[in-house]
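The structure under discussion appears below in the form of structure tokens.
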Amino acid sequence: MDIKRNILLNPGPATTTDTVKLAQVVPDICPREKEFASLMAGLREDLVRVVHGDPAKYAAVLFCGSGTLCMDVCLSSLLPEGGKALILNNGSYSSRAAEICRYYGLPHIELKFPFDQRPDLDAVERTLRENPDISLVYITHNETGTGLLNPIREIGALAHTYHAIFVADTTSTYAMRPIDIEADNIDFCMASAQKGLMAITGLSFVIGRRDIIEASKDYPRRSYYCNLWRQYDCFERTGEMAFTPPVQTTYAAIQAMKEYWQEGEQAKWARHTRVFEAIHAGLKKLGFRDMIRREWQAGLVVTVLYPDDPSWNFEKVHDYCYERGFTIYPGKVGTAGTFRLCALGAIDVPDIEAFFQVFRQALDVCGVAVPARYQD
Ligand SMILES: *Cc1c(COP(=O)(O)O)cnc(C)c1O
């Protein structure tokens, strides 16, 4: 089978290998069979190992859905009666977390920081000191809307000093940027199969401390489908999800996990890093500017400023590239016009070089000046 290879420079779903795509083609199976449960058991252990967790202390709980489901699960399941969540918000994904709190009517404090700044740790500490009812601190590791990396280890330590649990949305770093769940002071992290793992959409997972999940059994149950303890308990007792799992997606995730171990944590991170550097090099050559201070970038997403050029038209450039197999992605910051180029997926430097040839042609076709023009 010959499958057209597209280069996805959007922040997930990412470009997959053909072996991962084809792993979905399996004989039909009822997921209530022991054979399928044992596949999920192996995958759950591997998911904990990716972040160097001890499977006796941490568990991976799988869900059928996209990554936002894990945010929903953590926030709605891990807040005890009388507890309050502290959402550290410097971007669109943390805004989504605050929105989830509002939907559920969860007591929470949303501490906002500018989208191009790291959170002020003194302000975080002050808030924790003044609000002893904060029982959960939440942040996004790589704020995918901008590509800014938040200092999870320091924030996790602060959370623990003030007896709160720490939830980090690692959806856009997991299985790319190395994470050590215990050393990074994470109680719960999360991801989705189609990002760092380079698998297929539809399977997401929360990884976190068993003792906290077990304690959460007595917390208010705010969602029927998205309750962490319920799904965990079902896995522990039966090896199955409470409801129908994404069967074929799970086979693909298992193949992707095999390929993850084959490539290796360090080699994979080195590859993403060189792809990221190649994106920066290509942009620099064309005079494009990016938005976030380089030393704060997580190394996976580049937010590019639109040039001040009347001929610039994101849609046209996008369509030109898309028709040639390259997908670029709009930005997610309120004010300035931006687009994103991401280093996720089964791609390498030659793919980025090929992309920039096409991107350059797109600029020429649209009549955009090179080097790109900016006022100031
Ligand atoms: C992709 C992503 C999610 C999940 O988004 P979905 O559209 O639900 O897959 C959550 N958080 C972060 C930081 C992400 O990058």
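Letters A, B, ... go to the chains of the structure tokens in the order shown; residues in each chain start at 1; ligands are counted from 1 in the same order.
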Within 6 Å of ligand 1, counting only C-alpha atoms and all ligand atoms, residues as a PyMOL selection string: chain A and resi 66-68+93+140+143-144+169+171-172
Within 9 Å of stretch 199-223 of chain A: each stretch 21-44 of chain A residue with its shortest pair, only C-alpha atoms, as a Markdown table:
| residue | atom | partner | partner_atom | distance |
| --- | --- | --- | --- | --- |
| A:Lys21 | CA | A:Ile200 | CA | 7.6 |
| A:Gln24 | CA | A:Ile200 | CA | 8.9 |
| A:Arg44 | CA | A:Phe205 | CA | 8.8 |
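For the pair atom CA of A:Pro11 and atom CA of A:Leu344, the separation is 6.7 Å.
Nearest to A:Thr303 of all the residues A:Gly147, A:Gly345, A:Pro371, A:Pro178 is A:Gly147, based on only C-alpha atoms.
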Nearest to A:Asn131, chosen from A:Arg153, A:Arg118, A:Arg294, A:His108, with only C-alpha atoms counted in the distances: A:His108
Best match for closeness to A:Ile186 among A:Ala256, A:Leu78, A:Val51, A:Val304, counting only C-alpha atoms: A:Val51
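Residue nearest A:Ser135 within the list A:Leu197, A:Leu79, A:Val25, A:Ala157: A:Leu79 [criterion: smallest interatomic distance, only C-alpha atoms].
Contact shell of A:Phe63 at 10 Å (only C-alpha atoms; same-chain neighbours under 5 positions omitted): Leu69, Cys70, Val73, Ser192, Gly202, Leu203, Ser204, Phe205, Val206, Tyr225, Cys226, Leu228, Gln231, Tyr232, Met241, Ala242, Phe243, Thr244, Pro245 and Pro246 of chain A.
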For C-alpha atoms, I'd like the residues from the last selection saved as a compact mmCIF listing (two decimals), in the first residue's frame.
# COMPACT_ATOMS: atom_id res chain seq x y z
CA LEU A 69 -10.74 15.16 27.87
CA CYS A 70 -7.74 14.64 30.19
CA VAL A 73 -10.90 14.51 33.90
CA SER A 192 -2.90 12.28 23.77
CA GLY A 202 -8.80 9.10 19.75
CA LEU A 203 -6.80 7.80 22.71
CA SER A 204 -5.76 10.02 25.61
CA PHE A 205 -4.30 9.27 29.00
CA VAL A 206 -3.77 10.70 32.46
CA TYR A 225 -17.94 9.77 31.67
CA CYS A 226 -14.88 11.78 32.72
CA LEU A 228 -10.74 9.51 36.96
CA GLN A 231 -12.05 4.65 35.01
CA TYR A 232 -9.01 3.74 37.15
CA MET A 241 -12.18 0.81 30.11
CA ALA A 242 -15.58 1.52 31.62
CA PHE A 243 -16.94 1.98 28.09
CA THR A 244 -15.87 1.08 24.56
CA PRO A 245 -12.19 1.84 23.92
CA PRO A 246 -10.88 3.12 20.58
